[in-house]
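Engineer: Have a look at the structure that comes next, please.
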Amino acid sequence: MKTYFLQVQKIVRETEDTASLHFWHPISEQLRYKAGQFLTVLVPGSDGKKVRRSYSMSSSPATDSSVAITVKRVKGGLVSNYLCDQVHAGDFLEVIEPMGRFTYEPEQPHDGSLVMIGAGSGITPLFSILKTVLKTTDRKILLIYGNRDENSIIFKDALQQLESAYAGRLNVVYILSRPSGYWVGHHGRIHQANGIWFMKENGVDFRKDYFYMCGPEAMMDEMHKIYKLFEVPEVHIFYERFNAPVQDEEELMEKLPDLKKQTVTVQYDGETHVFDVEPHQTILEAALELDIDLPYSCQAGMCTACLGKCLEGKVKMDEDEGLTEKEIAEGYVLTCVSRPMSEGVVIEID
Ligand SMILES: Cc1cc2nc3c(=O)[nH]c(=O)nc-3n(C[C@H](O)[C@H](O)[C@H](O)COP(=O)(O)OP(=O)(O)OC[C@H]3O[C@@H](n4cnc5c(N)ncnc54)[C@H](O)[C@@H]3O)c2cc1C
Ligand code: FES
C-alpha cells in the first residue's frame with residue numbers, strides 16, 4: 001500500500017462538530033481517486049503505534065482542485081477529535097492511498113437517475129459522487145438527507161447552491177429528527193415508509209434508477225427493505241459502511257456455534273506468521289494485538305486492503321459485500337472481518 005504525506009491547505013468548519021480538511025496534492029504527482037473513495041489517515045496513538053481511520057473524500061475529482069476529507073467528531077473518539085482539534089493549515093498528515101469500491105464509475109452504462117440516501121457524516125462520499133455526476137453527466141439526482149437539526153446539516157449552503165445551479169436535475173429532501181420550532185420541512189428519521197413516500201413523490205423508477213446510500217446501519221436496513229419490496233436489481237444498489245457491524249459475543253456464538261480458539265497461519269511478505277485467534281477476534285484483530293504487521297486500512301470490510309486467499313481450512317466472514325461473488329468463490333477473504341471456523345486455516349496475502 002502506498003502512503004503519502006499530504007499538507008493541509010485549509011480547514012473549513014462545516015458545522016459545530018464537523019470539519020473539512022483540504023489538502024494540497026503531493027508535490028511529485030496528482031493524487032488520483034474516484035468519487036466515493038476514502039483515504040486512511042495514520043496518526044500517532046498513545047502507545048507510539050500509529051492508529052488508522054478511514055475518511056471518505058468529500059471533494060470530487062471532476063470539480064475540486066484540492067482533495068478534502070470531512071470529519072465528524074465522535075464523542076470520546078481518538079482520531080476524529082484529533083483531526084478536528086489538533087491539526088492546522090500547513091501540517092502534514094500521513095495517509096494511505098485512496099481506496100474503496102463505493103464509487104461512481106463514469107464508464108458504466110447508466111441511463112437511470114441516481115437516488116442517494118444519506119444521514120450525518122454519511123453525506124461525505126455521496127457529496128463527492130453527487131458533484132461528479134452533476135458535472136460530468138446529464139443525469140438527475142434525488143438526495144434524501146437526514147440530520148439532527150438545521151445546524152447539523154453538513155454542506156447545507158453548497159447543496160443549496162448546487163440545487164439552483166442544476167435546477168431540475170438535483171432535488172434535495174431534508175429530514176430532521178430534532179428540528180427547531182421554525183422548521184417547516186420533514187420531521188423524523190429516514191425509514192421504510194417515508195423512504196417509499198419520498199421516492200414515489202419524486203418519480204423514482206425502481207427498475208431503472210441507481211441507489212447510493214451511506215449512513216447508520218438502521219437506516220440502510222430500512223432502505224434494503226424498500227429495494228427488496230420493489231425488486232431493485234442488486235447491481236443498482238451501492239452502499240458504504242463507516243463501521244464494521246458490531247458483533248455481540250453472545251450473538252456471535254449463537255450464530256456460529258462452532259466458533260472456538262484456532263491457530264491460524266498467515267503468509268505475507270515472505271514471512272509466515274502462526275498465531276492464535278480467540279473466538280471474539282477477527283484474524284486481523286488477533287494479528288494486530290500481537291504486533292504482526294499485516295496490511296489493512298478501513299477495518300470494516302470495505303476497502304480490500306486486507307485481502308488474502310484462504311489456501312486451507314474454513315473461514316467465515318462477518319460481511320462479504322466488500323468482495324465480488326467471483327472473489328468469494330475463488331477463496332478470497334478479508335481478514336478484518338474473517339473468523340477461522342476450522343483447524344489449520346492458512347491464508348496467503350499478496
Ligand atoms: C470506509 C470508511 C469511510 C469513513 N468515512 C468517514 C467520513 O467521511 N467522515 C467521518 O466522520 N467518519 C468516517 N468514517 C468513520 C471513521 O473512520 C472513524 O471510525 C470515526 O471518525 C471514529 O473514529 P475515532 O478514532 O474518533 O473514534 P474511536 O476512538 O475509534 O471510537 C471511540 C468510541 O466511539 C464509538 N464510535 C466509533 N465510530 C463511531 C461512529 N461513527 N458513531 C458513533 N460512535 C462511534 C466507538 O465504538 C468507541 O466507543 C469512515 C469509516 C470507514 C470505514
Ligand atoms: S481493512 Fe479494509 S476491508 Fe479489511
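Simple scheme: letters A, B, ... for chains in C-alpha cells order, numbers from 1 for residues in each chain, numbers from 1 for ligands in the order shown.
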Could you give me, as a PyMOL selection string, the residues within 8 Å of Ala286 in chain A, counting only C-alpha atoms and dropping anything in the same chain fewer than 3 positions from it?

Structural biologist: chain A and resi 275-278+281-283+289-290

Engineer: Restrict the selected residues to all heavy atoms and save them as a PDB file, in the first residue's frame.

Structural biologist:
ATOM      1  N   PHE A 275      -0.366 -17.872  14.642  1.00  0.00           N
ATOM      2  CA  PHE A 275      -0.862 -17.258  15.878  1.00  0.00           C
ATOM      3  C   PHE A 275      -2.280 -17.726  16.193  1.00  0.00           C
ATOM      4  O   PHE A 275      -2.997 -18.230  15.318  1.00  0.00           O
ATOM      5  CB  PHE A 275      -0.806 -15.726  15.788  1.00  0.00           C
ATOM      6  CG  PHE A 275      -1.537 -15.146  14.606  1.00  0.00           C
ATOM      7  CD1 PHE A 275      -2.851 -14.727  14.713  1.00  0.00           C
ATOM      8  CD2 PHE A 275      -0.907 -15.019  13.364  1.00  0.00           C
ATOM      9  CE1 PHE A 275      -3.525 -14.194  13.631  1.00  0.00           C
ATOM     10  CE2 PHE A 275      -1.582 -14.489  12.274  1.00  0.00           C
ATOM     11  CZ  PHE A 275      -2.889 -14.071  12.409  1.00  0.00           C
ATOM     12  N   ASP A 276      -2.642 -17.546  17.473  1.00  0.00           N
ATOM     13  CA  ASP A 276      -3.978 -17.964  17.907  1.00  0.00           C
ATOM     14  C   ASP A 276      -4.991 -16.851  17.692  1.00  0.00           C
ATOM     15  O   ASP A 276      -4.688 -15.674  17.919  1.00  0.00           O
ATOM     16  CB  ASP A 276      -3.955 -18.303  19.411  1.00  0.00           C
ATOM     17  CG  ASP A 276      -3.233 -19.621  19.654  1.00  0.00           C
ATOM     18  OD1 ASP A 276      -3.098 -20.406  18.690  1.00  0.00           O
ATOM     19  OD2 ASP A 276      -2.807 -19.856  20.804  1.00  0.00           O
ATOM     20  N   VAL A 277      -6.190 -17.223  17.296  1.00  0.00           N
ATOM     21  CA  VAL A 277      -7.291 -16.268  17.158  1.00  0.00           C
ATOM     22  C   VAL A 277      -8.382 -16.696  18.143  1.00  0.00           C
ATOM     23  O   VAL A 277      -8.879 -17.821  18.078  1.00  0.00           O
ATOM     24  CB  VAL A 277      -7.844 -16.268  15.708  1.00  0.00           C
ATOM     25  CG1 VAL A 277      -8.985 -15.264  15.573  1.00  0.00           C
ATOM     26  CG2 VAL A 277      -6.736 -15.971  14.709  1.00  0.00           C
ATOM     27  N   GLU A 278      -8.692 -15.812  19.081  1.00  0.00           N
ATOM     28  CA  GLU A 278      -9.729 -16.110  20.091  1.00  0.00           C
ATOM     29  C   GLU A 278     -11.108 -15.995  19.441  1.00  0.00           C
ATOM     30  O   GLU A 278     -11.279 -15.284  18.435  1.00  0.00           O
ATOM     31  CB  GLU A 278      -9.627 -15.103  21.252  1.00  0.00           C
ATOM     32  CG  GLU A 278      -8.311 -15.115  21.993  1.00  0.00           C
ATOM     33  CD  GLU A 278      -8.101 -16.376  22.849  1.00  0.00           C
ATOM     34  OE1 GLU A 278      -9.100 -17.061  23.163  1.00  0.00           O
ATOM     35  OE2 GLU A 278      -6.939 -16.672  23.169  1.00  0.00           O
ATOM     36  N   GLN A 281     -12.294 -12.597  18.349  1.00  0.00           N
ATOM     37  CA  GLN A 281     -11.428 -11.793  17.475  1.00  0.00           C
ATOM     38  C   GLN A 281     -11.597 -12.149  15.998  1.00  0.00           C
ATOM     39  O   GLN A 281     -11.898 -13.301  15.665  1.00  0.00           O
ATOM     40  CB  GLN A 281      -9.952 -12.052  17.818  1.00  0.00           C
ATOM     41  CG  GLN A 281      -9.531 -11.511  19.160  1.00  0.00           C
ATOM     42  CD  GLN A 281      -8.080 -11.874  19.451  1.00  0.00           C
ATOM     43  OE1 GLN A 281      -7.661 -13.018  19.285  1.00  0.00           O
ATOM     44  NE2 GLN A 281      -7.309 -10.884  19.876  1.00  0.00           N
ATOM     45  N   THR A 282     -11.332 -11.157  15.155  1.00  0.00           N
ATOM     46  CA  THR A 282     -11.161 -11.483  13.735  1.00  0.00           C
ATOM     47  C   THR A 282      -9.673 -11.816  13.547  1.00  0.00           C
ATOM     48  O   THR A 282      -8.850 -11.534  14.435  1.00  0.00           O
ATOM     49  CB  THR A 282     -11.548 -10.296  12.824  1.00  0.00           C
ATOM     50  OG1 THR A 282     -10.629  -9.229  13.064  1.00  0.00           O
ATOM     51  CG2 THR A 282     -12.975  -9.838  13.068  1.00  0.00           C
ATOM     52  N   ILE A 283      -9.345 -12.358  12.393  1.00  0.00           N
ATOM     53  CA  ILE A 283      -7.951 -12.754  12.164  1.00  0.00           C
ATOM     54  C   ILE A 283      -7.038 -11.528  12.210  1.00  0.00           C
ATOM     55  O   ILE A 283      -5.966 -11.547  12.825  1.00  0.00           O
ATOM     56  CB  ILE A 283      -7.833 -13.522  10.817  1.00  0.00           C
ATOM     57  CG1 ILE A 283      -8.608 -14.841  10.944  1.00  0.00           C
ATOM     58  CG2 ILE A 283      -6.385 -13.754  10.418  1.00  0.00           C
ATOM     59  CD1 ILE A 283      -8.767 -15.633   9.673  1.00  0.00           C
ATOM     60  N   GLU A 289      -3.019  -7.381  17.576  1.00  0.00           N
ATOM     61  CA  GLU A 289      -2.766  -7.415  19.023  1.00  0.00           C
ATOM     62  C   GLU A 289      -1.380  -7.992  19.317  1.00  0.00           C
ATOM     63  O   GLU A 289      -0.744  -7.662  20.310  1.00  0.00           O
ATOM     64  CB  GLU A 289      -3.847  -8.240  19.706  1.00  0.00           C
ATOM     65  CG  GLU A 289      -4.118  -7.736  21.106  1.00  0.00           C
ATOM     66  CD  GLU A 289      -5.448  -8.205  21.621  1.00  0.00           C
ATOM     67  OE1 GLU A 289      -6.470  -7.690  21.124  1.00  0.00           O
ATOM     68  OE2 GLU A 289      -5.459  -9.092  22.495  1.00  0.00           O
ATOM     69  N   LEU A 290      -0.915  -8.855  18.422  1.00  0.00           N
ATOM     70  CA  LEU A 290       0.413  -9.458  18.597  1.00  0.00           C
ATOM     71  C   LEU A 290       1.500  -8.683  17.838  1.00  0.00           C
ATOM     72  O   LEU A 290       2.617  -9.186  17.658  1.00  0.00           O
ATOM     73  CB  LEU A 290       0.378 -10.907  18.098  1.00  0.00           C
ATOM     74  CG  LEU A 290      -0.557 -11.823  18.898  1.00  0.00           C
ATOM     75  CD1 LEU A 290      -0.826 -13.116  18.147  1.00  0.00           C
ATOM     76  CD2 LEU A 290       0.040 -12.123  20.273  1.00  0.00           C
TER      77      LEU A 290
END

Engineer: Write out as a VMD selection string the set of residues from range 19-212 of chain A that DSSP, computed on the backbone, places in alpha helix (DSSP H).

Structural biologist: chain A and resid 78 to 85 123 to 136 156 to 165 192 to 201

Engineer: Any residue with an atom at most 8 Å from ligand 1 counts, using only C-alpha atoms and all ligand atoms. Which are they? Put them as a short mmCIF file (atom, residue, chain, number, x, y, z; two decimals) with all heavy atoms, in the first residue's frame.

Structural biologist:
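Output below, filename out23.cif:
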data_model
loop_
_atom_site.label_atom_id
_atom_site.label_comp_id
_atom_site.auth_asym_id
_atom_site.auth_seq_id
_atom_site.Cartn_x
_atom_site.Cartn_y
_atom_site.Cartn_z
N THR A 18 -18.22 19.24 12.88
CA THR A 18 -17.68 18.66 11.64
C THR A 18 -16.73 19.64 10.96
O THR A 18 -17.03 20.83 10.85
CB THR A 18 -18.84 18.34 10.64
OG1 THR A 18 -19.81 17.58 11.33
CG2 THR A 18 -18.35 17.56 9.45
N GLN A 37 -14.44 7.36 -3.03
CA GLN A 37 -13.38 6.61 -2.33
C GLN A 37 -12.95 7.31 -1.04
O GLN A 37 -13.36 8.44 -0.77
CB GLN A 37 -12.16 6.46 -3.24
CG GLN A 37 -12.38 5.39 -4.32
CD GLN A 37 -11.10 5.03 -5.02
OE1 GLN A 37 -10.36 5.90 -5.47
NE2 GLN A 37 -10.83 3.74 -5.15
N PHE A 38 -12.12 6.64 -0.27
CA PHE A 38 -11.68 7.24 1.00
C PHE A 38 -10.16 7.18 1.14
O PHE A 38 -9.48 6.40 0.46
CB PHE A 38 -12.33 6.54 2.20
CG PHE A 38 -12.08 5.05 2.27
CD1 PHE A 38 -10.93 4.55 2.86
CD2 PHE A 38 -12.99 4.14 1.74
CE1 PHE A 38 -10.69 3.19 2.94
CE2 PHE A 38 -12.75 2.76 1.80
CZ PHE A 38 -11.60 2.30 2.40
N LEU A 39 -9.66 8.02 2.05
CA LEU A 39 -8.24 7.99 2.45
C LEU A 39 -8.20 7.40 3.85
O LEU A 39 -9.13 7.59 4.63
CB LEU A 39 -7.67 9.40 2.52
CG LEU A 39 -7.51 10.18 1.22
CD1 LEU A 39 -7.10 11.62 1.52
CD2 LEU A 39 -6.46 9.51 0.33
N THR A 40 -7.13 6.73 4.17
CA THR A 40 -6.96 6.27 5.55
C THR A 40 -5.84 7.08 6.18
O THR A 40 -4.72 7.14 5.65
CB THR A 40 -6.66 4.76 5.59
OG1 THR A 40 -7.79 4.09 5.03
CG2 THR A 40 -6.44 4.27 7.01
N ARG A 52 -5.05 3.96 12.66
CA ARG A 52 -5.58 4.23 11.32
C ARG A 52 -7.09 4.44 11.37
O ARG A 52 -7.80 3.67 12.02
CB ARG A 52 -5.36 3.02 10.40
CG ARG A 52 -3.94 2.67 10.24
CD ARG A 52 -3.80 1.42 9.37
NE ARG A 52 -2.42 0.99 9.44
CZ ARG A 52 -1.82 0.19 8.58
NH1 ARG A 52 -2.50 -0.28 7.56
NH2 ARG A 52 -0.58 -0.15 8.71
N ARG A 53 -7.56 5.42 10.65
CA ARG A 53 -9.00 5.60 10.48
C ARG A 53 -9.24 6.06 9.05
O ARG A 53 -8.46 6.87 8.52
CB ARG A 53 -9.58 6.67 11.41
CG ARG A 53 -9.46 6.39 12.88
CD ARG A 53 -10.47 5.35 13.39
NE ARG A 53 -10.35 5.25 14.84
CZ ARG A 53 -9.50 4.46 15.49
NH1 ARG A 53 -8.71 3.65 14.81
NH2 ARG A 53 -9.47 4.46 16.80
N SER A 54 -10.33 5.60 8.48
CA SER A 54 -10.64 5.96 7.10
C SER A 54 -11.61 7.13 7.04
O SER A 54 -12.52 7.22 7.88
CB SER A 54 -11.27 4.76 6.39
OG SER A 54 -10.40 3.65 6.46
N TYR A 55 -11.44 8.00 6.06
CA TYR A 55 -12.35 9.13 5.85
C TYR A 55 -12.62 9.29 4.36
O TYR A 55 -11.67 9.43 3.57
CB TYR A 55 -11.78 10.43 6.46
CG TYR A 55 -11.72 10.32 7.97
CD1 TYR A 55 -10.56 9.93 8.62
CD2 TYR A 55 -12.87 10.51 8.73
CE1 TYR A 55 -10.52 9.75 10.00
CE2 TYR A 55 -12.85 10.34 10.12
CZ TYR A 55 -11.68 9.96 10.73
OH TYR A 55 -11.66 9.77 12.10
N SER A 56 -13.89 9.26 4.01
CA SER A 56 -14.27 9.41 2.60
C SER A 56 -13.90 10.81 2.12
O SER A 56 -13.98 11.77 2.90
CB SER A 56 -15.77 9.24 2.44
OG SER A 56 -16.17 8.02 2.98
N MET A 57 -13.56 10.90 0.86
CA MET A 57 -13.26 12.22 0.32
C MET A 57 -14.56 12.93 -0.04
O MET A 57 -15.43 12.35 -0.69
CB MET A 57 -12.35 12.07 -0.89
CG MET A 57 -10.91 11.85 -0.43
SD MET A 57 -9.84 11.32 -1.75
CE MET A 57 -10.21 9.58 -1.81
N SER A 58 -14.69 14.15 0.44
CA SER A 58 -15.88 14.94 0.12
C SER A 58 -15.64 15.75 -1.15
O SER A 58 -16.56 16.31 -1.72
CB SER A 58 -16.23 15.87 1.28
OG SER A 58 -15.08 16.57 1.69
N ILE A 69 -11.20 15.74 2.97
CA ILE A 69 -11.98 14.77 3.75
C ILE A 69 -12.83 15.58 4.72
O ILE A 69 -12.48 16.71 5.06
CB ILE A 69 -11.09 13.77 4.53
CG1 ILE A 69 -10.10 14.49 5.47
CG2 ILE A 69 -10.36 12.83 3.59
CD1 ILE A 69 -9.34 13.57 6.42
N THR A 70 -13.94 15.00 5.16
CA THR A 70 -14.82 15.71 6.08
C THR A 70 -15.05 14.82 7.29
O THR A 70 -15.51 13.68 7.16
CB THR A 70 -16.14 16.09 5.38
OG1 THR A 70 -15.79 16.96 4.29
CG2 THR A 70 -17.08 16.81 6.31
N VAL A 71 -14.67 15.35 8.46
CA VAL A 71 -14.62 14.52 9.68
C VAL A 71 -15.65 15.01 10.68
O VAL A 71 -15.67 16.19 11.03
CB VAL A 71 -13.22 14.63 10.32
CG1 VAL A 71 -13.13 13.73 11.55
CG2 VAL A 71 -12.15 14.27 9.31
N LYS A 72 -16.48 14.09 11.14
CA LYS A 72 -17.44 14.44 12.19
C LYS A 72 -16.92 13.87 13.50
O LYS A 72 -16.55 12.70 13.58
CB LYS A 72 -18.81 13.84 11.85
CG LYS A 72 -19.86 14.22 12.84
CD LYS A 72 -21.24 13.91 12.34
CE LYS A 72 -22.25 14.36 13.39
NZ LYS A 72 -23.59 14.20 12.98
N ARG A 73 -16.92 14.72 14.51
CA ARG A 73 -16.45 14.32 15.83
C ARG A 73 -17.29 13.17 16.39
O ARG A 73 -18.52 13.23 16.32
CB ARG A 73 -16.71 15.49 16.77
CG ARG A 73 -15.58 16.05 17.46
CD ARG A 73 -16.13 17.16 18.33
NE ARG A 73 -15.60 18.45 17.94
CZ ARG A 73 -14.36 18.83 18.18
NH1 ARG A 73 -13.53 18.03 18.79
NH2 ARG A 73 -13.94 20.02 17.81
N VAL A 74 -16.62 12.15 16.91
CA VAL A 74 -17.33 11.09 17.64
C VAL A 74 -17.00 11.31 19.11
O VAL A 74 -15.83 11.52 19.45
CB VAL A 74 -16.85 9.71 17.16
CG1 VAL A 74 -17.26 8.61 18.11
CG2 VAL A 74 -17.36 9.42 15.76
N LYS A 75 -18.00 11.27 19.98
CA LYS A 75 -17.76 11.55 21.40
C LYS A 75 -16.70 10.57 21.94
O LYS A 75 -16.86 9.35 21.81
CB LYS A 75 -19.08 11.39 22.16
CG LYS A 75 -19.07 12.10 23.46
CD LYS A 75 -20.47 12.19 24.05
CE LYS A 75 -20.33 12.72 25.46
NZ LYS A 75 -21.24 12.11 26.38
N GLY A 76 -15.63 11.12 22.48
CA GLY A 76 -14.57 10.26 23.04
C GLY A 76 -13.69 9.63 21.98
O GLY A 76 -12.78 8.87 22.30
N GLY A 77 -13.95 9.92 20.73
CA GLY A 77 -13.20 9.28 19.63
C GLY A 77 -11.79 9.83 19.51
O GLY A 77 -11.58 11.04 19.56
N LEU A 78 -10.85 8.93 19.29
CA LEU A 78 -9.44 9.31 19.28
C LEU A 78 -9.08 10.16 18.06
O LEU A 78 -8.58 11.28 18.18
CB LEU A 78 -8.63 8.00 19.29
CG LEU A 78 -7.14 8.09 19.45
CD1 LEU A 78 -6.82 8.53 20.86
CD2 LEU A 78 -6.50 6.74 19.16
N VAL A 79 -9.34 9.62 16.89
CA VAL A 79 -8.83 10.27 15.68
C VAL A 79 -9.73 11.42 15.21
O VAL A 79 -9.23 12.47 14.79
CB VAL A 79 -8.62 9.22 14.56
CG1 VAL A 79 -8.16 9.87 13.28
CG2 VAL A 79 -7.60 8.18 15.03
N SER A 80 -11.05 11.24 15.31
CA SER A 80 -11.93 12.32 14.82
C SER A 80 -11.68 13.60 15.62
O SER A 80 -11.63 14.69 15.05
CB SER A 80 -13.40 11.90 14.89
OG SER A 80 -13.77 11.55 16.20
N ASN A 81 -11.48 13.49 16.93
CA ASN A 81 -11.22 14.69 17.74
C ASN A 81 -9.83 15.25 17.47
O ASN A 81 -9.64 16.46 17.44
CB ASN A 81 -11.41 14.39 19.22
CG ASN A 81 -12.89 14.20 19.52
OD1 ASN A 81 -13.64 15.16 19.52
ND2 ASN A 81 -13.31 12.97 19.71
N TYR A 82 -8.88 14.35 17.25
CA TYR A 82 -7.52 14.80 16.91
C TYR A 82 -7.56 15.63 15.62
O TYR A 82 -7.00 16.72 15.53
CB TYR A 82 -6.60 13.58 16.76
CG TYR A 82 -5.22 13.90 16.27
CD1 TYR A 82 -4.22 14.31 17.15
CD2 TYR A 82 -4.90 13.79 14.92
CE1 TYR A 82 -2.94 14.62 16.69
CE2 TYR A 82 -3.63 14.09 14.44
CZ TYR A 82 -2.65 14.50 15.34
OH TYR A 82 -1.39 14.81 14.87
N GLY A 100 -11.41 1.92 -1.92
CA GLY A 100 -12.84 1.78 -1.74
C GLY A 100 -13.57 1.49 -3.03
O GLY A 100 -13.14 1.92 -4.10
N SER A 121 -22.65 12.18 8.83
CA SER A 121 -21.39 12.21 8.07
C SER A 121 -21.43 11.29 6.85
O SER A 121 -20.53 11.34 6.01
CB SER A 121 -20.22 11.82 8.98
OG SER A 121 -20.46 10.56 9.55
N GLY A 122 -22.47 10.47 6.74
CA GLY A 122 -22.64 9.61 5.56
C GLY A 122 -22.79 10.42 4.28
O GLY A 122 -22.70 9.89 3.17
N ILE A 123 -23.02 11.73 4.40
CA ILE A 123 -23.13 12.58 3.21
C ILE A 123 -21.79 12.69 2.48
O ILE A 123 -21.75 12.97 1.27
CB ILE A 123 -23.61 14.01 3.62
CG1 ILE A 123 -23.96 14.87 2.39
CG2 ILE A 123 -22.61 14.72 4.47
CD1 ILE A 123 -25.09 14.39 1.57
N THR A 124 -20.67 12.45 3.19
CA THR A 124 -19.35 12.75 2.62
C THR A 124 -19.10 12.07 1.26
O THR A 124 -18.87 12.78 0.27
CB THR A 124 -18.25 12.40 3.65
OG1 THR A 124 -18.59 13.04 4.86
CG2 THR A 124 -16.91 12.85 3.20
N PRO A 125 -19.15 10.73 1.17
CA PRO A 125 -18.89 10.16 -0.16
C PRO A 125 -20.00 10.48 -1.16
O PRO A 125 -19.75 10.60 -2.36
CB PRO A 125 -18.83 8.64 0.11
CG PRO A 125 -19.59 8.43 1.38
CD PRO A 125 -19.40 9.69 2.19
N GLU A 240 -22.07 2.20 1.52
CA GLU A 240 -20.81 2.25 2.26
C GLU A 240 -21.11 2.18 3.75
O GLU A 240 -22.05 2.84 4.22
CB GLU A 240 -20.11 3.58 1.95
CG GLU A 240 -18.78 3.77 2.64
CD GLU A 240 -17.62 3.10 1.90
OE1 GLU A 240 -17.67 1.88 1.72
OE2 GLU A 240 -16.69 3.82 1.52
N ARG A 241 -20.33 1.39 4.46
CA ARG A 241 -20.44 1.34 5.92
C ARG A 241 -19.27 2.08 6.52
O ARG A 241 -18.14 1.90 6.08
CB ARG A 241 -20.32 -0.11 6.40
CG ARG A 241 -21.54 -0.88 6.32
CD ARG A 241 -21.55 -1.98 7.39
NE ARG A 241 -22.86 -2.56 7.40
CZ ARG A 241 -23.24 -3.49 6.54
NH1 ARG A 241 -22.39 -3.94 5.66
NH2 ARG A 241 -24.47 -3.96 6.58
N PHE A 242 -19.50 2.86 7.57
CA PHE A 242 -18.40 3.54 8.26
C PHE A 242 -17.87 2.70 9.42
O PHE A 242 -16.83 3.01 9.98
CB PHE A 242 -18.86 4.91 8.77
CG PHE A 242 -18.85 5.98 7.71
CD1 PHE A 242 -18.50 5.71 6.40
CD2 PHE A 242 -19.18 7.29 8.03
CE1 PHE A 242 -18.49 6.68 5.43
CE2 PHE A 242 -19.16 8.28 7.07
CZ PHE A 242 -18.83 7.98 5.77
N ASN A 243 -18.62 1.70 9.82
CA ASN A 243 -18.17 0.84 10.93
C ASN A 243 -18.38 -0.61 10.52
O ASN A 243 -19.36 -0.91 9.85
CB ASN A 243 -19.02 1.04 12.18
CG ASN A 243 -18.94 2.46 12.68
OD1 ASN A 243 -19.84 3.24 12.44
ND2 ASN A 243 -17.87 2.79 13.36
N ALA A 244 -17.49 -1.49 10.98
CA ALA A 244 -17.75 -2.91 10.82
C ALA A 244 -18.98 -3.19 11.68
O ALA A 244 -19.13 -2.57 12.74
CB ALA A 244 -16.57 -3.71 11.31
N CYS A 298 -9.40 0.12 6.34
CA CYS A 298 -10.66 0.57 6.95
C CYS A 298 -11.08 -0.25 8.16
O CYS A 298 -11.83 0.23 9.01
CB CYS A 298 -11.77 0.53 5.91
SG CYS A 298 -12.27 -1.14 5.44
N GLN A 299 -10.68 -1.51 8.23
CA GLN A 299 -11.10 -2.45 9.29
C GLN A 299 -12.61 -2.62 9.34
O GLN A 299 -13.18 -2.92 10.39
CB GLN A 299 -10.59 -1.99 10.66
CG GLN A 299 -9.09 -2.17 10.80
CD GLN A 299 -8.58 -1.64 12.12
OE1 GLN A 299 -8.24 -0.47 12.24
NE2 GLN A 299 -8.55 -2.48 13.13
N ALA A 300 -13.28 -2.41 8.23
CA ALA A 300 -14.74 -2.52 8.20
C ALA A 300 -15.22 -3.36 7.02
O ALA A 300 -16.38 -3.33 6.66
CB ALA A 300 -15.35 -1.12 8.12
N GLY A 301 -14.30 -4.11 6.39
CA GLY A 301 -14.70 -4.97 5.27
C GLY A 301 -15.05 -4.19 4.02
O GLY A 301 -15.82 -4.65 3.19
N MET A 302 -14.50 -2.99 3.88
CA MET A 302 -14.93 -2.10 2.79
C MET A 302 -13.86 -1.82 1.75
O MET A 302 -14.17 -1.38 0.65
CB MET A 302 -15.36 -0.75 3.39
CG MET A 302 -16.69 -0.80 4.06
SD MET A 302 -17.92 -0.91 2.78
CE MET A 302 -19.15 -1.86 3.49
N CYS A 303 -12.57 -1.99 2.11
CA CYS A 303 -11.56 -1.45 1.20
C CYS A 303 -10.72 -2.51 0.49
O CYS A 303 -10.02 -2.19 -0.46
CB CYS A 303 -10.62 -0.52 1.96
SG CYS A 303 -9.52 -1.37 3.10
#

Engineer: Among range 228-277 of chain A, which ones does DSSP place in strand (DSSP E), written as a list in words?

Structural biologist: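 Result set for range 228-277 of chain A (strand (DSSP E)): Ile237, Phe238, Tyr239, Glu240, Gln262, Thr263, Val264, Thr265, Val266, Gln267, Tyr268, Glu271, Thr272, His273, Val274, Phe275, Asp276 and Val277 of chain A.
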
Engineer: Which residues are close to range 164-172 of chain A, i.e. within 12 Å by only C-alpha atoms, leaving aside same-chain residues fewer than 6 positions away? Reply as a VMD selection string.

Structural biologist: chain A and resid 113 to 118 123 127 130 to 131 133 to 135 137 to 146 153 155 to 158 185 to 186 198 to 199 201 to 204

Engineer: Store the residues of this selection in a file with C-alpha atoms, as a JSON list (two decimals), in the first residue's frame.

Structural biologist:
[["chain", "number", "residue", "atom", "x", "y", "z"],
["A", 113, "SER", "CA", -31.36, 8.66, -12.32],
["A", 114, "LEU", "CA", -29.40, 8.45, -9.06],
["A", 115, "VAL", "CA", -31.21, 8.16, -5.75],
["A", 116, "MET", "CA", -28.95, 8.98, -2.81],
["A", 117, "ILE", "CA", -29.86, 8.33, 0.79],
["A", 118, "GLY", "CA", -27.55, 9.69, 3.47],
["A", 123, "ILE", "CA", -23.13, 12.58, 3.21],
["A", 127, "PHE", "CA", -21.35, 14.63, -1.90],
["A", 130, "LEU", "CA", -23.13, 13.99, -6.50],
["A", 131, "LYS", "CA", -20.76, 16.77, -7.65],
["A", 133, "VAL", "CA", -22.33, 13.19, -11.65],
["A", 134, "LEU", "CA", -23.77, 16.71, -11.96],
["A", 135, "LYS", "CA", -20.62, 17.96, -13.64],
["A", 137, "THR", "CA", -23.33, 13.73, -16.98],
["A", 138, "ASP", "CA", -26.87, 14.97, -17.52],
["A", 139, "ARG", "CA", -28.40, 12.51, -15.06],
["A", 140, "LYS", "CA", -30.88, 13.57, -12.40],
["A", 141, "ILE", "CA", -30.23, 13.09, -8.68],
["A", 142, "LEU", "CA", -32.60, 12.82, -5.76],
["A", 143, "LEU", "CA", -30.84, 13.16, -2.38],
["A", 144, "ILE", "CA", -32.75, 12.19, 0.76],
["A", 145, "TYR", "CA", -30.65, 13.58, 3.58],
["A", 146, "GLY", "CA", -31.27, 13.03, 7.31],
["A", 153, "ILE", "CA", -26.70, 19.73, 8.09],
["A", 155, "PHE", "CA", -22.73, 21.09, 3.17],
["A", 156, "LYS", "CA", -26.12, 22.84, 3.51],
["A", 157, "ASP", "CA", -25.05, 26.00, 1.61],
["A", 158, "ALA", "CA", -23.14, 24.09, -1.04],
["A", 185, "GLY", "CA", -39.73, 20.56, 6.41],
["A", 186, "HIS", "CA", -39.91, 16.83, 7.16],
["A", 198, "PHE", "CA", -40.19, 10.42, -0.80],
["A", 199, "MET", "CA", -39.16, 8.19, -3.67],
["A", 201, "GLU", "CA", -43.30, 11.56, -4.73],
["A", 202, "ASN", "CA", -40.12, 12.25, -6.72],
["A", 203, "GLY", "CA", -40.87, 9.79, -9.52],
["A", 204, "VAL", "CA", -38.20, 7.19, -8.69]]

Engineer: Would you mind listing what lies within 7 Å of range 328-337 of chain A as a VMD selection string, with only C-alpha atoms counted and same-chain residues fewer than 4 positions away left out?

Structural biologist: chain A and resid 282 to 285 299 to 301 304 306 to 310 317 to 319 323 to 324
